[in-house]
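Here is target-v7.txt, consisting of compact mmCIF, C-alpha atoms:
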# COMPACT_ATOMS: atom_id res chain seq x y z
CA MET A 1 87.17 105.26 82.47
CA HIS A 2 89.00 107.86 84.51
CA THR A 3 91.89 106.24 86.38
CA LEU A 4 91.72 106.91 90.10
CA HIS A 5 94.73 106.80 92.39
CA TYR A 6 93.98 104.24 95.05
CA THR A 7 95.69 104.48 98.42
CA ARG A 8 94.80 100.84 99.20
CA ALA A 9 94.56 97.79 96.95
CA ALA A 10 96.33 99.82 94.28
CA GLU A 11 97.33 96.59 92.51
CA LEU A 12 93.75 95.33 92.21
CA PRO A 13 92.92 97.01 88.87
CA ALA A 14 95.99 95.42 87.27
CA ILE A 15 95.04 92.01 88.69
CA LEU A 16 91.53 92.39 87.27
CA ALA A 17 93.01 93.25 83.89
CA GLU A 18 94.97 89.98 83.96
CA ARG A 19 92.51 87.45 85.36
CA ILE A 20 89.15 86.80 86.99
CA VAL A 21 89.15 87.64 90.70
CA ILE A 22 87.35 85.37 93.16
CA LEU A 23 85.05 86.77 95.84
CA ASP A 24 84.02 84.69 98.85
CA GLY A 25 80.63 83.11 99.50
CA ALA A 26 77.85 83.50 102.02
CA MET A 27 78.56 84.47 105.62
CA GLY A 28 75.07 83.68 106.94
CA THR A 29 74.99 80.23 105.37
CA MET A 30 78.25 79.34 107.09
CA ILE A 31 77.17 80.78 110.43
CA GLN A 32 74.11 78.52 110.30
CA ARG A 33 76.41 75.50 110.10
CA PHE A 34 77.68 76.27 113.60
CA LYS A 35 74.15 75.91 115.02
CA LEU A 36 74.75 78.63 117.60
CA GLY A 37 72.18 79.23 120.30
CA GLU A 38 71.27 82.36 122.23
CA ALA A 39 74.08 81.80 124.76
CA GLN A 40 76.68 81.40 122.01
CA TYR A 41 75.56 84.62 120.34
CA ARG A 42 76.20 86.31 123.70
CA GLY A 43 79.74 84.92 123.80
CA GLU A 44 79.52 81.50 125.44
CA GLY A 45 81.98 78.96 124.12
CA TYR A 46 84.87 81.32 123.42
CA SER A 47 87.61 82.14 125.91
CA GLY A 48 90.29 83.74 123.76
CA PRO A 49 92.11 86.94 124.71
CA ASP A 50 89.36 89.07 123.14
CA ALA A 51 86.47 87.17 124.77
CA VAL A 52 83.61 89.35 126.05
CA GLY A 53 82.94 87.38 129.22
CA ASP A 54 79.63 88.42 130.79
CA ARG A 55 79.30 91.65 128.80
CA PHE A 56 76.08 90.56 127.06
CA LYS A 57 74.92 87.96 129.54
CA ASP A 58 72.04 90.09 130.83
CA PHE A 59 71.23 92.00 127.64
CA ALA A 60 67.48 92.56 127.72
CA ARG A 61 66.60 91.37 124.20
CA ASP A 62 67.23 88.15 122.30
CA VAL A 63 70.30 88.48 120.09
CA LYS A 64 70.30 85.12 118.30
CA GLY A 65 70.33 85.87 114.59
CA ASN A 66 72.31 89.08 114.96
CA ASN A 67 75.21 87.74 112.92
CA GLU A 68 77.18 90.97 113.05
CA LEU A 69 77.36 90.73 116.85
CA LEU A 70 79.42 87.56 116.44
CA SER A 71 82.41 89.63 115.34
CA ILE A 72 82.50 90.86 118.94
CA THR A 73 81.21 87.84 120.87
CA ARG A 74 82.46 84.89 118.79
CA PRO A 75 85.38 86.10 116.68
CA ASP A 76 86.53 82.49 116.44
CA VAL A 77 83.48 81.66 114.31
CA ILE A 78 83.96 84.59 111.94
CA ARG A 79 87.70 83.93 111.70
CA ASP A 80 87.05 80.30 110.82
CA ILE A 81 84.63 81.28 108.06
CA HIS A 82 87.02 83.82 106.54
CA GLU A 83 89.87 81.35 106.55
CA GLY A 84 87.68 78.68 104.97
CA TYR A 85 86.94 80.93 102.01
CA LEU A 86 90.55 82.03 101.66
CA ALA A 87 91.70 78.41 101.68
CA ALA A 88 89.14 77.75 98.92
CA GLY A 89 90.85 80.35 96.72
CA ALA A 90 89.05 83.63 97.42
CA ASP A 91 91.00 86.78 96.54
CA LEU A 92 88.44 89.07 98.17
CA ILE A 93 86.60 88.39 101.42
CA GLU A 94 83.69 90.42 102.72
CA THR A 95 83.56 91.74 106.24
CA ASN A 96 80.78 90.44 108.49
CA THR A 97 78.99 93.78 108.32
CA PHE A 98 75.99 93.33 106.01
CA GLY A 99 73.66 94.51 108.80
CA ALA A 100 76.16 96.49 110.85
CA THR A 101 74.54 99.91 110.49
CA THR A 102 72.77 101.84 113.22
CA VAL A 103 69.62 101.52 111.09
CA ALA A 104 69.70 97.72 110.95
CA GLN A 105 71.02 97.23 114.48
CA GLU A 106 68.14 99.20 115.93
CA ASP A 107 66.07 96.04 115.45
CA TYR A 108 68.15 94.49 118.25
CA LYS A 109 68.51 97.75 120.20
CA MET A 110 72.24 97.57 119.50
CA ALA A 111 72.63 100.65 117.31
CA ASP A 112 75.29 101.95 119.70
CA LEU A 113 77.44 98.89 118.88
CA ALA A 114 77.44 99.41 115.10
CA ARG A 115 80.79 101.17 114.99
CA GLU A 116 82.46 98.51 117.13
CA MET A 117 80.98 95.76 114.97
CA ASN A 118 82.45 97.27 111.83
CA LEU A 119 85.84 97.89 113.37
CA ARG A 120 86.14 94.37 114.77
CA SER A 121 84.80 92.78 111.59
CA ALA A 122 87.35 94.59 109.44
CA GLN A 123 90.16 93.66 111.84
CA LEU A 124 89.19 89.97 111.70
CA ALA A 125 89.06 89.98 107.91
CA ARG A 126 92.33 91.89 107.73
CA ALA A 127 94.11 89.36 109.93
CA ALA A 128 92.77 86.47 107.85
CA CYS A 129 93.88 88.09 104.59
CA ASP A 130 97.32 88.86 105.97
CA LYS A 131 97.65 85.22 107.04
CA PHE A 132 96.88 83.90 103.55
CA SER A 133 98.43 86.60 101.34
CA THR A 134 101.52 85.80 99.30
CA PRO A 135 103.49 87.99 96.86
CA ASP A 136 101.90 86.09 93.96
CA LYS A 137 98.39 86.08 95.42
CA PRO A 138 97.54 89.04 97.62
CA ARG A 139 94.21 88.86 99.44
CA PHE A 140 91.91 91.84 99.95
CA VAL A 141 89.30 92.87 102.51
CA ALA A 142 86.03 94.12 101.06
CA GLY A 143 84.24 96.30 103.61
CA ALA A 144 80.57 95.37 103.09
CA LEU A 145 77.79 97.97 103.26
CA GLY A 146 74.39 96.26 103.15
CA PRO A 147 71.12 97.89 102.08
CA THR A 148 69.53 98.20 105.58
CA PRO A 149 65.98 96.86 106.18
CA LYS A 150 64.46 100.21 105.23
CA THR A 151 63.94 101.92 101.90
CA ALA A 152 64.10 105.61 101.11
CA SER A 153 62.12 105.31 97.87
CA ILE A 154 59.12 103.20 98.76
CA SER A 155 56.30 103.83 101.20
CA PRO A 156 55.87 101.21 103.95
CA ASP A 157 52.16 102.12 104.04
CA VAL A 158 50.04 101.07 101.05
CA ASN A 159 47.49 103.72 102.03
CA ASP A 160 50.02 106.57 102.02
CA PRO A 161 52.36 106.62 99.00
CA GLY A 162 54.24 109.59 100.45
CA ALA A 163 55.09 107.90 103.74
CA ARG A 164 58.72 107.05 104.50
CA ASN A 165 60.34 105.36 107.49
CA ILE A 166 63.89 106.52 106.74
CA THR A 167 65.47 109.68 105.31
CA PHE A 168 68.46 110.15 103.06
CA GLU A 169 70.25 111.95 105.88
CA GLN A 170 69.68 109.14 108.36
CA LEU A 171 71.09 106.67 105.87
CA ARG A 172 74.04 108.92 105.09
CA GLN A 173 74.94 109.19 108.78
CA ALA A 174 74.69 105.43 109.28
CA TYR A 175 76.83 104.65 106.25
CA TYR A 176 79.37 107.32 107.17
CA GLU A 177 79.95 105.71 110.58
CA GLN A 178 80.14 102.26 109.02
CA THR A 179 82.59 103.22 106.28
CA GLU A 180 84.89 105.10 108.63
CA ALA A 181 85.12 102.13 111.01
CA LEU A 182 85.71 99.66 108.18
CA ILE A 183 88.60 101.70 106.83
CA GLU A 184 90.07 102.13 110.30
CA GLY A 185 89.85 98.36 110.74
CA GLY A 186 91.82 97.65 107.57
CA ALA A 187 89.40 97.33 104.65
CA ASP A 188 91.01 97.52 101.21
CA VAL A 189 87.83 97.88 99.16
CA ILE A 190 84.37 99.28 99.86
CA LEU A 191 81.51 97.09 98.62
CA VAL A 192 78.01 98.60 98.47
CA GLU A 193 75.97 95.47 97.93
CA THR A 194 72.54 93.89 97.49
CA ILE A 195 71.11 97.22 96.40
CA PHE A 196 67.33 97.04 96.15
CA ASP A 197 66.82 100.82 96.37
CA THR A 198 69.22 103.04 94.45
CA LEU A 199 68.39 106.00 96.70
CA ASN A 200 69.72 104.01 99.67
CA ALA A 201 72.82 103.27 97.61
CA LYS A 202 73.26 106.93 96.73
CA ALA A 203 73.24 107.77 100.44
CA ALA A 204 75.94 105.16 100.93
CA LEU A 205 78.01 106.45 98.02
CA PHE A 206 77.69 110.03 99.28
CA ALA A 207 78.87 108.95 102.73
CA VAL A 208 81.75 106.91 101.33
CA GLU A 209 83.00 109.90 99.36
CA GLU A 210 82.78 112.07 102.47
CA VAL A 211 84.86 109.56 104.44
CA PHE A 212 87.44 109.33 101.68
CA GLU A 213 87.85 113.10 101.75
CA LYS A 214 88.02 113.29 105.53
CA MET A 215 90.55 110.44 105.88
CA ASN A 216 92.49 111.41 102.75
CA VAL A 217 92.20 107.92 101.29
CA ARG A 218 90.76 106.42 98.12
CA LEU A 219 89.70 102.78 98.10
CA PRO A 220 88.39 100.84 95.11
CA LEU A 221 84.60 100.81 95.10
CA ILE A 222 82.39 97.90 94.04
CA ILE A 223 78.67 98.53 93.61
CA SER A 224 76.33 95.55 93.38
CA GLY A 225 72.59 95.65 92.80
CA THR A 226 70.03 92.89 93.11
CA VAL A 227 67.27 92.09 90.62
CA THR A 228 64.35 90.94 92.72
CA ASP A 229 62.10 89.22 90.17
CA ALA A 230 61.69 88.27 86.53
CA SER A 231 60.76 91.84 85.60
CA GLY A 232 64.49 92.60 85.48
CA ARG A 233 64.18 95.49 87.91
CA ILE A 234 65.46 96.20 91.37
CA LEU A 235 62.80 96.65 94.06
CA SER A 236 62.63 100.44 93.71
CA GLY A 237 61.72 100.02 90.05
CA GLN A 238 64.88 100.63 88.07
CA THR A 239 65.98 98.46 85.21
CA VAL A 240 69.56 97.20 85.25
CA THR A 241 70.42 99.80 82.60
CA ALA A 242 69.00 102.62 84.70
CA PHE A 243 70.76 101.30 87.79
CA GLY A 244 74.09 101.20 85.97
CA HIS A 245 73.75 104.75 84.75
CA SER A 246 72.60 106.06 88.12
CA VAL A 247 75.72 104.88 89.98
CA ARG A 248 78.25 105.59 87.27
CA HIS A 249 79.09 108.99 88.78
CA ALA A 250 80.77 107.25 91.74
CA GLN A 251 83.45 105.89 89.37
CA PRO A 252 83.36 102.35 90.74
CA LEU A 253 86.14 99.94 89.99
CA ALA A 254 83.42 97.36 89.41
CA VAL A 255 79.66 97.29 89.14
CA GLY A 256 77.58 94.16 89.25
CA LEU A 257 74.72 92.04 90.55
CA ASN A 258 74.38 89.65 93.45
CA CYS A 259 71.88 87.57 95.42
CA ALA A 260 68.28 87.25 94.23
CA LEU A 261 67.60 84.98 91.31
CA GLY A 262 70.60 82.67 91.15
CA ALA A 263 72.97 82.40 88.21
CA ALA A 264 70.62 80.70 85.75
CA LEU A 265 68.08 83.53 85.89
CA MET A 266 70.66 86.29 86.38
CA ARG A 267 72.40 85.83 83.04
CA PRO A 268 70.36 88.26 80.89
CA TYR A 269 70.83 91.00 83.47
CA ILE A 270 74.60 90.50 83.59
CA GLN A 271 74.54 90.69 79.78
CA GLU A 272 72.60 93.96 80.05
CA LEU A 273 75.08 95.39 82.54
CA HIS A 274 77.95 94.30 80.31
CA LYS A 275 76.55 96.58 77.60
CA VAL A 276 75.80 99.47 79.96
CA ALA A 277 79.24 99.65 81.57
CA PRO A 278 81.79 98.69 78.92
CA ASP A 279 84.64 100.53 80.66
CA THR A 280 83.96 99.20 84.18
CA PHE A 281 84.80 95.78 85.59
CA ILE A 282 81.77 93.56 86.20
CA SER A 283 81.10 91.54 89.35
CA CYS A 284 78.63 88.69 89.76
CA TYR A 285 77.95 86.64 92.87
CA PRO A 286 74.60 84.88 92.68
CA ASN A 287 72.71 82.77 95.18
CA ALA A 288 73.06 79.00 94.91
CA GLY A 289 69.84 78.87 92.91
CA LEU A 290 66.43 79.30 94.47
CA PRO A 291 65.57 78.73 98.15
CA ASN A 292 64.91 75.17 99.26
CA PRO A 293 64.32 74.66 103.00
CA MET A 294 64.98 70.94 102.61
CA SER A 295 68.60 71.35 101.49
CA ASP A 296 71.60 71.61 103.81
CA THR A 297 72.32 75.21 102.81
CA GLY A 298 68.73 76.32 102.29
CA PHE A 299 69.30 76.60 98.52
CA ASP A 300 69.08 74.17 95.64
CA GLU A 301 72.41 74.25 93.85
CA THR A 302 75.41 72.12 94.68
CA PRO A 303 78.93 73.45 93.99
CA ASP A 304 79.20 71.71 90.62
CA VAL A 305 75.95 73.27 89.39
CA THR A 306 76.71 76.83 90.53
CA SER A 307 80.28 76.72 89.25
CA ALA A 308 79.18 75.45 85.82
CA LEU A 309 76.71 78.33 85.49
CA VAL A 310 79.25 80.94 86.58
CA ARG A 311 81.77 79.45 84.16
CA GLU A 312 79.34 80.16 81.32
CA PHE A 313 79.41 83.85 82.27
CA ALA A 314 83.19 83.84 82.16
CA ALA A 315 83.30 81.92 78.87
CA GLU A 316 81.03 84.55 77.35
CA GLY A 317 83.39 87.31 78.48
CA LEU A 318 80.88 88.93 80.82
CA VAL A 319 82.62 89.04 84.20
CA ASN A 320 85.77 90.07 86.08
CA ILE A 321 84.81 89.24 89.68
CA VAL A 322 82.82 86.13 90.61
CA GLY A 323 81.77 84.56 93.88
CA GLY A 324 78.70 83.42 95.74
CA CYS A 325 75.85 84.85 97.76
CA CYS A 326 73.14 83.08 99.80
CA GLY A 327 73.51 79.33 100.02
CA THR A 328 77.12 79.22 98.85
CA THR A 329 79.95 77.70 100.87
CA PRO A 330 83.73 77.28 100.60
CA GLU A 331 82.99 74.21 98.49
CA HIS A 332 81.08 76.41 96.04
CA ILE A 333 83.90 78.95 95.95
CA ALA A 334 86.54 76.28 95.40
CA ALA A 335 84.49 74.90 92.50
CA ILE A 336 83.99 78.37 91.00
CA HIS A 337 87.72 79.05 91.37
CA SER A 338 88.58 75.85 89.49
CA ALA A 339 85.96 76.48 86.82
CA VAL A 340 86.93 80.04 85.87
CA THR A 341 90.70 80.06 86.47
CA PRO A 342 91.55 78.87 82.93
CA LEU A 343 89.41 81.61 81.39
CA PRO A 344 90.32 85.26 80.77
CA GLY A 345 88.37 88.07 82.36
CA ARG A 346 86.07 90.46 80.55
CA VAL A 347 87.93 93.02 78.45
CA LEU A 348 87.13 96.68 79.08
CA ARG A 349 86.15 98.94 76.20
CA PRO A 350 85.84 102.73 75.93
CA TYR A 351 82.56 104.20 77.06
CA PHE A 352 80.59 106.20 74.51
CA HIS A 353 77.45 108.07 75.31
CA LYS A 354 74.60 107.17 72.99
CA ASP A 355 74.71 110.64 71.41
CA GLU A 356 78.43 110.22 70.67
CA GLU A 357 77.86 106.86 69.01
CA THR A 358 75.37 108.32 66.53
CA ALA A 359 77.11 111.65 66.00
Could you write out this structure as structure tokens?
Amino acid sequence: MHTLHYTRAAELPAILAERIVILDGAMGTMIQRFKLGEAQYRGEGYSGPDAVGDRFKDFARDVKGNNELLSITRPDVIRDIHEGYLAAGADLIETNTFGATTVAQEDYKMADLAREMNLRSAQLARAACDKFSTPDKPRFVAGALGPTPKTASISPDVNDPGARNITFEQLRQAYYEQTEALIEGGADVILVETIFDTLNAKAALFAVEEVFEKMNVRLPLIISGTVTDASGRILSGQTVTAFGHSVRHAQPLAVGLNCALGAALMRPYIQELHKVAPDTFISCYPNAGLPNPMSDTGFDETPDVTSALVREFAAEGLVNIVGGCCGTTPEHIAAIHSAVTPLPGRVLRPYFHKDEETA
């Protein structure tokens, strides 16, 4: 793997070479625990120095459920969640920006706030990491770029296979704005995550590279896809092997899988990725099993179950970064941290193209 010179988080590759790095858990799951209503999403209940007052009091649309808005209206909630994960042992925490693109925010008619959401989210995560960092255990902000609710590869109309509701250029512009604001806010790493359409991801990667060039920076890049069903493919049809090859050009520090099936069903696909990307660190942050509306978190697995499954990945030498996605909490992350800490991380090996191996 070509060694890149990182202008931020330059020590992260060396840390990954020494031990397994812990990523945080779900943001949405933790937000649900606060049981916020419409008024709270608009800022009620917080009176700190950065409170928004009546700014959103008369906003014409309902905003409950717009979790990214909380970075502006209820920074106390987001700060509390970040600090909970850091206290549980997370080395990397994700910004509250999964849906903070102009594309996703258009659903709430808040596309014009996307840049501010990313900037504030990165600043909150940065402050939390700075609070918990020590010389022996630095903490890092992962600027999260979600997939958007639209897909560039698949028609939204079953009667018109050629129809599209988003273009590559629209996605590129949205991701450019998001990435720039995240870096300005203090992100150490860029995480392109929950990829269900590799064309969307390529727009994000193109935009990220543009921002790096413009700002004269180079941050570690983590790319994480999601296998949506037992076929072993992402939604736009690629196998894990094809996905790995199609993002390799971006020279990510780590490539991996998240969300979707939960750890038990994700294992063969992590094994597949392990073979595809021998010279790249592997990340894995699964859901806490399958959805279960009757559970407290909305998912089946308790911390002891999820951590035991993730430990198996580490024991097999498959992973370098582990954490949790939907349904996981600081309790899950603490359990994962305890389970994998005694184990070494996956060892990188030289990459050989198939033709070179048989030459």
Could you give me, as a list in words, the residues that have an atom at most 12 Å away from the point (79.2, 109.9, 96.7) in the coordinates of the file, using only C-alpha atoms?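 Here is the list of nearby residues: Arg172, Tyr175, Tyr176, Val192, Leu199, Asn200, Ala201, Lys202, Ala203, Ala204, Leu205, Phe206, Ala207, Val208, Glu209, Glu210, Val211, Phe212, Glu213, Leu221, Ile223, Ser246, Val247, Arg248, His249, Ala250, Gln251 and Pro252 of chain A.
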Mind pulling up the distance from atom CA of Gly225 of chain A to atom CA of Thr241 of chain A?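 If I compute the distance from atom CA of Thr241 of chain A to atom CA of Gly225 of chain A, I get 11.2 Å.
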Separation of atom CA of Gln40 of chain A and atom CA of Arg61 of chain A, in Å?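 One can read the atom CA of Gln40 of chain A to atom CA of Arg61 of chain A distance as 14.3 Å.
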Can you list, as a PyMOL selection string, every protein, DNA or RNA residue that comes within 7 Å of segment 72-89 of chain A when you count all atoms listed in the file, leaving out same-chain residues fewer than 3 positions away? chain A and resi 24+30+41-43+46+51-52+69+93+117+120+124-125+128+132+330+333-334+337
Which of these, A:Leu92, A:Ala142, A:Ile20, A:Ile183, has the shortest distance to Arg311 of chain A once you count only C-alpha atoms?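 Of the candidates, the smallest distance to Arg311 of chain A is held by A:Ile20.
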